[in-house]
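Student: Starting off with a structure, shown below.
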Amino acid sequence: MIAEWSQTALALVPEWGGWLILSVTFLSCLAFPLPASLVMLAGGAFTASGDLSLIVVAGAALLGAVAGDQVGYALSRAGGGPLWQRLAARPGTGALMTRAVSDLARRDLLAVFLSRWLFSALGPYVNLAAGMTRLDWTRFTIAGVAGEAVWVSIYVGLGYAFAAQIDEIGAAMANVAGGLGASAVALVLGRMLWRAAREERDDSGTKGEDGA
Amino acid sequence: MIEAETGGTGLKLAFLLCLGLGLGFGAHATWRIASGTGFAPDPMADWMTPAHVSAVFGIPPEHVAEVLGITGALPFASLRDLAAERGETSDALIARLQAELP
């Protein structure tokens with residue numbers, strides 16, 4: 001069963017049309033907890049019933065998402081520098097975070113692209129990290145637009161194809177997106193912990209040799 | 001050293017939390033698919049539009065229009081808004097449409 005507040009959001013789609021879809025995807029890319037996936041699924045379903053045009057639904061969703069990514073990136077690029085310097089200077093975790101960010105910079109295109117749709121729960125935070133660490137804007141934009149196009153196509157396409165099962169598809173996709181997002185973060189953190197443990201082992205080995 | 005260890009403990013806790021969430025969401029999705037509860041048709045709801053109800057529930061558009069007292073093309077408005085315009089509840093409107101289910 002769709003939550004009451006989500007039903008209210010869906011009931012607003014016929015009233016506001018593309019503007020609502022655009023606003024919801026825009027704000028969700030800035031980490032506002034709004035049912036963007038459900039609204040896109042409903043947009044796809046309304047396309048299937050002939051209420052809305054596919055160009056309006058897909059165009060509004062894509063425009064909102066790309067604009068949200070850009071605003072998140074620009075805000076954190078403008079104001080996140082000092083915060084990042086403070087985080088990076090912290091003993092212990094600072095070094096781990098610096099390394100994680102340099103890993104992100106090495107795979108920037110892939111990280112930004114995949115965090116738009118496959119690990120969509122992480123998208124807004126990748127925008128912030130990208131802006132804060134001054135990832136190249138052109139590469140961020142290319143990967144971001146491509147990833148958002150995939151995200152919008154998946155959800156609007158699913159809404160169109162499964163117009164009678166918006167509720168079930170929405171719940172299933174929320175589980176899949178949440179699971180993939182959490183697993184991706186677990187993978188990154190696990191890698192950081194494993195590296196830190198290996199370095200600690202190497203350090204104590206070196207000290208032991210020096211002592212001998 | 002103490003700060004580094006505190007950071008390490010925080011990372012370990014975050015790792016375990018994310019691992020647990022990932023496994024939990026994965027198990028829930030698998031259970032839904034395996035138990036066959038997933039992908040059941042949605043019940044009629046007040047966020048739906050007349051054309052959506054017609055397409056999804058197989059009620060001919062002219063029957064939907066007749067039940068809702070609409071002349072001409074089906075409007076792009078939610079059943080919630082249509083009920084409010086008529087001064088009746090969404091539930092009453094949905095009940096009338098459900099009576100038309102084939």
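In the structure tokens, each chain is lettered A, B, ... as it comes, each chain's residues begin at 1, and ligands are numbered from 1 in order of appearance.
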Between chain A and chain B, at 6 Å or less, what are the per-residue closest atom pairs and their distances in Å? Count only C-alpha atoms, order by chain and rising residue number, and return it as a Markdown table.
Tutor:
| residue | atom | partner | partner_atom | distance |
| --- | --- | --- | --- | --- |
| A:Leu10 | CA | B:Trp47 | CA | 5.7 |
| A:Ala11 | CA | B:Trp47 | CA | 4.0 |
| A:Pro14 | CA | B:Ala77 | CA | 5.1 |
| A:Ser49 | CA | B:His52 | CA | 5.2 |
| A:Asp51 | CA | B:Phe76 | CA | 5.9 |
| A:Pro91 | CA | B:Ala4 | CA | 5.8 |
| A:Gly92 | CA | B:Ala4 | CA | 3.9 |
| A:Thr93 | CA | B:Gly7 | CA | 5.4 |
| A:Ala164 | CA | B:Val56 | CA | 5.3 |
| A:Gln165 | CA | B:Pro41 | CA | 4.8 |
| A:Glu168 | CA | B:Phe39 | CA | 5.1 |
| A:Asn175 | CA | B:Phe25 | CA | 5.2 |
| A:Gly179 | CA | B:Gly22 | CA | 4.2 |
| A:Ala182 | CA | B:Gly22 | CA | 4.8 |
| A:Ser183 | CA | B:Gly22 | CA | 4.8 |
| A:Ala186 | CA | B:Phe15 | CA | 5.0 |
| A:Leu189 | CA | B:Phe15 | CA | 5.6 |
Student: Since we have the selection now, will you write its residues out, keeping N, CA, C and O atoms, as a short mmCIF file (atom, residue, chain, number, x, y, z; two decimals), in the first residue's frame?
Tutor:
data_model
loop_
_atom_site.label_atom_id
_atom_site.label_comp_id
_atom_site.auth_asym_id
_atom_site.auth_seq_id
_atom_site.Cartn_x
_atom_site.Cartn_y
_atom_site.Cartn_z
N LEU A 10 1.24 11.81 -5.54
CA LEU A 10 0.79 11.29 -6.83
C LEU A 10 -0.47 12.01 -7.31
O LEU A 10 -0.63 12.27 -8.50
N ALA A 11 -1.36 12.36 -6.36
CA ALA A 11 -2.60 13.07 -6.73
C ALA A 11 -2.29 14.48 -7.25
O ALA A 11 -3.11 15.08 -7.94
N PRO A 14 -1.54 15.03 -11.67
CA PRO A 14 -2.49 15.56 -12.66
C PRO A 14 -2.70 17.07 -12.53
O PRO A 14 -3.00 17.75 -13.51
N SER A 49 -1.67 5.78 -20.20
CA SER A 49 -3.12 5.98 -20.32
C SER A 49 -3.47 7.17 -21.21
O SER A 49 -4.64 7.47 -21.41
N ASP A 51 -2.78 10.34 -20.64
CA ASP A 51 -3.01 11.60 -19.91
C ASP A 51 -1.88 12.60 -20.12
O ASP A 51 -2.11 13.80 -20.13
N PRO A 91 42.98 13.54 12.26
CA PRO A 91 43.89 12.41 12.36
C PRO A 91 43.11 11.09 12.19
O PRO A 91 41.98 10.99 12.63
N GLY A 92 43.74 10.13 11.58
CA GLY A 92 43.09 8.82 11.41
C GLY A 92 42.15 8.80 10.24
O GLY A 92 42.53 8.44 9.12
N THR A 93 40.90 9.25 10.45
CA THR A 93 39.89 9.17 9.39
C THR A 93 40.20 10.10 8.22
O THR A 93 39.81 9.83 7.10
N ALA A 164 -0.31 -0.83 -14.09
CA ALA A 164 -1.28 -1.38 -13.12
C ALA A 164 -0.63 -1.77 -11.80
O ALA A 164 -1.33 -2.14 -10.86
N GLN A 165 0.70 -1.71 -11.74
CA GLN A 165 1.39 -2.19 -10.52
C GLN A 165 2.38 -1.17 -9.99
O GLN A 165 3.47 -1.54 -9.54
N GLU A 168 3.50 -1.87 -6.27
CA GLU A 168 4.41 -3.02 -6.09
C GLU A 168 5.77 -2.75 -6.71
O GLU A 168 6.80 -3.06 -6.11
N ASN A 175 13.43 -1.25 -2.46
CA ASN A 175 14.27 -2.27 -1.81
C ASN A 175 15.57 -2.47 -2.58
O ASN A 175 16.64 -2.54 -2.00
N GLY A 179 19.13 -1.46 -1.09
CA GLY A 179 20.09 -2.57 -0.92
C GLY A 179 21.38 -2.30 -1.67
O GLY A 179 22.48 -2.48 -1.12
N ALA A 182 23.32 0.70 0.07
CA ALA A 182 23.96 0.30 1.32
C ALA A 182 25.14 -0.64 1.05
O ALA A 182 26.20 -0.54 1.68
N SER A 183 24.96 -1.56 0.09
CA SER A 183 26.03 -2.51 -0.23
C SER A 183 27.24 -1.78 -0.81
O SER A 183 28.39 -2.14 -0.51
N ALA A 186 29.02 -0.13 2.01
CA ALA A 186 29.71 -1.17 2.79
C ALA A 186 30.99 -1.63 2.09
O ALA A 186 32.02 -1.84 2.72
N LEU A 189 33.62 1.20 2.49
CA LEU A 189 34.12 1.24 3.88
C LEU A 189 34.96 0.00 4.18
O LEU A 189 36.00 0.09 4.84
#
Student: Within 12 Å of B:His63, counting only C-alpha atoms, which residues qualify if same-chain residues fewer than 3 places away don't, as a list of chain:residue names?
Tutor: B:Pro50, B:Ala51, B:Val53, B:Ser54, B:Phe57, B:Gly58, B:Ile59, B:Pro60, B:Glu66, B:Val67, B:Leu68, B:Gly69, B:Ile70, B:Thr71, B:Leu74, B:Arg96, B:Leu97, B:Gln98, B:Ala99, B:Glu100, B:Leu101, B:Pro102
Student: Output C-alpha atoms for every residue in that selection, as a PDB file, in the first residue's frame.
Tutor:
ATOM      1  CA  PRO B  50     -10.302   8.473 -15.023  1.00  0.00           C
ATOM      2  CA  ALA B  51      -8.211   7.464 -18.081  1.00  0.00           C
ATOM      3  CA  VAL B  53      -8.671   3.705 -14.162  1.00  0.00           C
ATOM      4  CA  SER B  54     -10.104   2.873 -17.573  1.00  0.00           C
ATOM      5  CA  PHE B  57      -9.006  -1.867 -14.716  1.00  0.00           C
ATOM      6  CA  GLY B  58     -10.438  -2.541 -18.173  1.00  0.00           C
ATOM      7  CA  ILE B  59     -13.519  -0.340 -17.741  1.00  0.00           C
ATOM      8  CA  PRO B  60     -14.511   1.203 -21.103  1.00  0.00           C
ATOM      9  CA  GLU B  66     -20.990   7.913 -17.358  1.00  0.00           C
ATOM     10  CA  VAL B  67     -20.254   6.912 -13.751  1.00  0.00           C
ATOM     11  CA  LEU B  68     -18.404  10.177 -13.112  1.00  0.00           C
ATOM     12  CA  GLY B  69     -21.015  12.266 -14.921  1.00  0.00           C
ATOM     13  CA  ILE B  70     -18.476  13.558 -17.433  1.00  0.00           C
ATOM     14  CA  THR B  71     -19.457  14.706 -20.892  1.00  0.00           C
ATOM     15  CA  LEU B  74     -11.975  12.190 -19.766  1.00  0.00           C
ATOM     16  CA  ARG B  96     -19.163   3.541  -7.929  1.00  0.00           C
ATOM     17  CA  LEU B  97     -16.274   2.829 -10.299  1.00  0.00           C
ATOM     18  CA  GLN B  98     -15.557  -0.523  -8.666  1.00  0.00           C
ATOM     19  CA  ALA B  99     -19.174  -1.527  -9.314  1.00  0.00           C
ATOM     20  CA  GLU B 100     -18.338  -1.223 -13.038  1.00  0.00           C
ATOM     21  CA  LEU B 101     -15.402  -3.670 -12.869  1.00  0.00           C
ATOM     22  CA  PRO B 102     -15.808  -6.352 -15.513  1.00  0.00           C
TER      23      PRO B 102
END
Student: Take atom CA of B:Ala95 and atom CA of B:Val64 and report the distance between them in Å, one decimal.
Tutor: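 Those two atoms sit 12.2 Å apart.
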Student: Select from stretch 12-76 of chain B everything DSSP, run on the backbone, classes as helix (DSSP H, G or I), then give the selection as a ChimeraX atom specification.
Tutor: /B:12-34,50-57,61-68
Student: Check the smallest atom-to-atom distance from each of A:Arg116, A:Arg77, A:Arg198, A:Arg106 to A:Thr133 using only C-alpha atoms, then report the winner.
Tutor: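 Checking each candidate against A:Thr133, we get A:Arg77 as the closest.
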Student: Which residues come within 9 Å of stretch 15-28 of chain A, counting only C-alpha atoms, excluding same-chain residues fewer than 3 positions away, as a PyMOL selection string?
Tutor: (chain A and resi 9+11-12+31-37+39-40+43+52+56-69+124) or (chain B and resi 76-78+81)
Student: Which polymer residues have any atom within 10 Å of an atom of A:Thr141, counting only C-alpha atoms, with same-chain residues fewer than 6 positions away left out, as a PyMOL selection string?
Tutor: chain A and resi 66+69-70+73+109+112-113+147
Student: Store the residues of this selection in a file with C-alpha atoms, as a short mmCIF file (atom, residue, chain, number, x, y, z; two decimals), in the first residue's frame.
Tutor:
data_model
loop_
_atom_site.label_atom_id
_atom_site.label_comp_id
_atom_site.auth_asym_id
_atom_site.auth_seq_id
_atom_site.Cartn_x
_atom_site.Cartn_y
_atom_site.Cartn_z
CA VAL A 66 20.29 17.39 -14.01
CA ASP A 69 22.88 17.65 -9.59
CA GLN A 70 24.33 20.92 -10.86
CA TYR A 73 27.73 20.37 -7.11
CA LEU A 109 33.17 9.22 -14.72
CA VAL A 112 29.18 9.79 -11.04
CA PHE A 113 27.46 7.76 -13.80
CA GLY A 147 23.43 8.60 -15.69
#
Student: Quick one, how far is atom CA of A:Val101 from atom CA of A:Ala174?
Tutor: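 Interatomic distance, atom CA of A:Val101 to atom CA of A:Ala174: 27.2 Å.
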